[in-house]
Amino acid sequence: MSKLLLIDDEEDIRYSIQRIFDSPDIELATAASGEEGLKAIPKFKPDLVLMDVRMTGMTGLETLRRIRQSDPKLLVILMTAYGTTQTAIEAMKLGAYDYLLKPFDIPKLKEIIANAFKAARDMKQVVSYEPLLESEDYDLGIVGRSEPMQRVFKLIGQVAASDATALVTGESGTGKELVARAIYHHSDRVAQPFLAVNCAAIPEQLLESELFGHERGSFTGATAQRIGKFEQCNHGTIFLDEIGDMTPPTQTKILRVLQSGTFERVGGNEPLHVDVRVIAATNKPLEAAVAARQFREDLFYRLNVVRIQIPPLRDRRDDIPLLVNYFLKKLAHEQQRPPKSVAASVVKMLEKYHWPGNVRELENAIRRAHVMAKSDAILLADLPPEITGASGSTFVPAPGSAGDGGTQDITALARQLFQWAKRDPKLKIIPAVERELVIQALKETNDNQVHAAKLLGITRATLRKRIEKFGIQRELNVK
Ligand SMILES: Nc1ncnc2c1ncn2[C@@H]1O[C@H](COP(=O)(O)OP(=O)(O)OP(=O)(O)O)[C@@H](O)[C@H]1O
Ligand SMILES: [Mg+2]
């Protein structure tokens, strides 16, 4: 259950928001003024505050300032009327999580609130990394007892105790995000915010502005000034996920922030200073990207000071029974039912499989088997065919088909893209994404159009048309 505190002096608004969030998953409390809101916070302990900027008595901005002082991790979303973007910018500088323009678009309101609840959980749910044994608290932790995971735990402890930049690497689904959050939870900055930015999910031309903000008019579509994540997260921790997907100009800016704590907003020339701890993660081999000159060598060394490499699941098979047990208990807890058991043959089969999608794939497989199982025991027949090999053919994992991982990831990506597109009404989402895909395919294949077209699943002629249409000028290596 997530707790939302609404602070607004207008009764109508309180009433309509109460109706919008009338759900068993959300507990809502209301306050009719800033003063009342400040009093309610220590009692109600909300995960999120939704507050009007313009109120009689204490203003929204003043209330925000006080909340930030007493409770820097509490997320606050402000509601402003059109024409008060300046206030919205002030609010972001003060560390508001986001703002909404009135009158609201209800789906958008719901989406922003859902995102904020997720961010609040990331900050709040402590990820423990002590080898999780028979602990009762089976909810939140990194499970693993294997040698390689013990080394990971040791490193988490060491890096959490310092303020150093950490680089977490490993295949998809190995638990990089979990490790990043564990570092945060055990660091000195735990009382300050944690914000995650997925660099791969944000179109290239927008990432820099997401991170560093922009000045009004700095590019088409920049209709107002914007405060970036680094500014918003001062004194806190930023998690830069999929850092291997950053363009060279953004890499340069990141390097500068890491070295001197300074940056400028896009299109601005006032140097801003922040104190932010960076944790980065990627599933791409950064060394190879450095060799191919796609990733700055100096940034790589700057990030690589503390490196936590999470081994793929197939290299720590002795963790599999533990993880299976953990996911079953987690499911039982979610569904408020006693956990199902697993046949020994099932565990053996799971231990043998090569898990291209790692722990995420294992979790999905257990979830699916749990649904399939007709009794309270999971049997071999309940496992997906790619694991049991029941499909008959020798199994060759197609990239992106790891369990549900592939399509789920694409759905998640599309969702994120849409969030972006909504904020920037001028962005044409399909052409923007298409253009990026073409550029990436050409990069991947060293401008080999035949291979690039194949990667993209289009014909060479179509690829050429796209290159022309999007004005992508690269050294075309016609083969
Ligand atoms: N050691 C572990 N113990 C318990 N759960 C784990 C562990 N490793 C991963 N998970 C779970 O598996 C899922 C994937 O983990 P996470 O998102 O951290 O992976 P990732 O390495 O960031 O993947 P990607 O590269 O695809 O972003 C999550 O639901 C996470 O909770
Ligand atoms: Mg991840």
# chains A, B, ... in the order shown; residues from 1 in each chain; ligands from 1

$ residues_near_ligand --ligand "ligand 2" --cutoff "10 Å" --atoms "only C-alpha atoms and all ligand atoms" --output "number ranges by chain"
A: 168-180, 198, 240-242, 281-283

$ write_last_selection --atoms "C-alpha atoms" --output "short mmCIF file (atom, residue, chain, number, x, y, z; two decimals), in the first residue's frame"
data_model
loop_
_atom_site.label_atom_id
_atom_site.label_comp_id
_atom_site.auth_asym_id
_atom_site.auth_seq_id
_atom_site.Cartn_x
_atom_site.Cartn_y
_atom_site.Cartn_z
CA VAL A 168 28.18 -2.05 -11.92
CA THR A 169 28.44 -4.38 -14.89
CA GLY A 170 26.91 -7.69 -15.83
CA GLU A 171 24.59 -9.29 -18.34
CA SER A 172 20.96 -8.33 -18.51
CA GLY A 173 18.94 -9.50 -15.53
CA THR A 174 21.88 -10.19 -13.22
CA GLY A 175 20.76 -7.70 -10.59
CA LYS A 176 22.68 -4.51 -11.41
CA GLU A 177 19.90 -2.21 -10.32
CA LEU A 178 19.49 -4.15 -7.10
CA VAL A 179 23.21 -3.76 -6.37
CA ALA A 180 23.10 -0.03 -7.15
CA ASN A 198 17.85 5.03 -17.79
CA LEU A 240 22.91 6.21 -14.42
CA ASP A 241 21.59 2.99 -15.88
CA GLU A 242 22.76 1.74 -19.31
CA ALA A 281 25.57 0.44 -14.69
CA THR A 282 25.72 -1.17 -18.10
CA ASN A 283 25.32 -4.55 -19.72
#

$ select_by_dssp --residues "region 230-347 of chain A" --states "strand (DSSP E)" --output "ChimeraX atom specification"
/A:237-241,262-263,272-273,277-282,306-309,341-342

$ select_by_dssp --residues "region 21-245 of chain A" --states "helix (DSSP H, G or I)" --output "PyMOL selection string"
chain A and resi 34-44+60-70+85-93+106-124+147-161+176-185+188-191+204-212+229-232+243-245

$ residues_around --residues "region 87-96 of chain A" --least-positions-apart "2" --cutoff "10 Å" --atoms "only C-alpha atoms" --output "ChimeraX atom specification"
/A:49,53-54,60-62,64-65,68,72-81,83-85,98-101,193,224-229,231-234

$ residues_around --residues "Leu427 (chain A)" --least-positions-apart "5" --cutoff "8 Å" --atoms "only C-alpha atoms" --output "PyMOL selection string"
chain A and resi 221+421+432

$ closest_residue --among "A:Leu323, A:Val359, A:Ile439, A:Ile13" --to "Phe104 (chain A)" --atoms "only C-alpha atoms"
A:Ile13

$ residues_around --residues "Val346 (chain A)" --least-positions-apart "5" --cutoff "8 Å" --atoms "only C-alpha atoms" --output "PyMOL selection string"
chain A and resi 378-380+383

$ residues_around --residues "region 118-132 of chain A" --least-positions-apart "2" --cutoff "6 Å" --atoms "only C-alpha atoms" --output "list of chain:residue names"
A:Asn115, A:Ala116, A:Leu140, A:Gly141, A:Ile142, A:Val143, A:Arg145, A:Phe153, A:Ala182, A:His185, A:Phe194

$ write_last_selection --atoms "N, CA and C atoms" --output "JSON list (two decimals), in the first residue's frame"
[["chain", "number", "residue", "atom", "x", "y", "z"],
["A", 115, "ASN", "N", 4.98, 6.59, -11.20],
["A", 115, "ASN", "CA", 6.44, 6.69, -11.28],
["A", 115, "ASN", "C", 7.04, 7.16, -9.98],
["A", 116, "ALA", "N", 6.38, 8.15, -9.38],
["A", 116, "ALA", "CA", 6.92, 8.70, -8.14],
["A", 116, "ALA", "C", 6.86, 7.65, -7.03],
["A", 140, "LEU", "N", 13.28, -8.26, 0.76],
["A", 140, "LEU", "CA", 14.14, -7.27, 0.17],
["A", 140, "LEU", "C", 15.57, -7.65, 0.37],
["A", 141, "GLY", "N", 16.15, -8.16, -0.67],
["A", 141, "GLY", "CA", 17.56, -8.46, -0.49],
["A", 141, "GLY", "C", 18.12, -9.06, -1.73],
["A", 142, "ILE", "N", 19.44, -9.13, -1.73],
["A", 142, "ILE", "CA", 20.11, -9.77, -2.85],
["A", 142, "ILE", "C", 20.41, -11.19, -2.39],
["A", 143, "VAL", "N", 19.83, -12.14, -3.09],
["A", 143, "VAL", "CA", 19.98, -13.53, -2.68],
["A", 143, "VAL", "C", 21.21, -14.12, -3.33],
["A", 145, "ARG", "N", 24.67, -17.12, -2.23],
["A", 145, "ARG", "CA", 25.65, -17.56, -1.25],
["A", 145, "ARG", "C", 26.90, -18.05, -1.95],
["A", 153, "PHE", "N", 29.11, -9.00, -2.59],
["A", 153, "PHE", "CA", 28.64, -8.42, -1.32],
["A", 153, "PHE", "C", 29.76, -7.63, -0.64],
["A", 182, "ALA", "N", 21.44, -1.22, -3.30],
["A", 182, "ALA", "CA", 22.07, -1.67, -2.05],
["A", 182, "ALA", "C", 23.20, -0.72, -1.66],
["A", 185, "HIS", "N", 21.64, 2.33, -0.18],
["A", 185, "HIS", "CA", 21.03, 2.11, 1.14],
["A", 185, "HIS", "C", 22.05, 1.96, 2.25],
["A", 194, "PHE", "N", 17.63, 9.49, -4.01],
["A", 194, "PHE", "CA", 18.23, 8.58, -4.99],
["A", 194, "PHE", "C", 17.37, 8.71, -6.24]]

$ closest_residue --among "A:Ile320, A:Val278, A:Met1, A:Leu48" --to "Asp71 (chain A)" --atoms "only C-alpha atoms"
A:Leu48

$ closest_residue --among "A:His235, A:Arg302, A:Lys469, A:Arg181" --to "ligand 1" --atoms "only C-alpha atoms and all ligand atoms"
A:Arg181
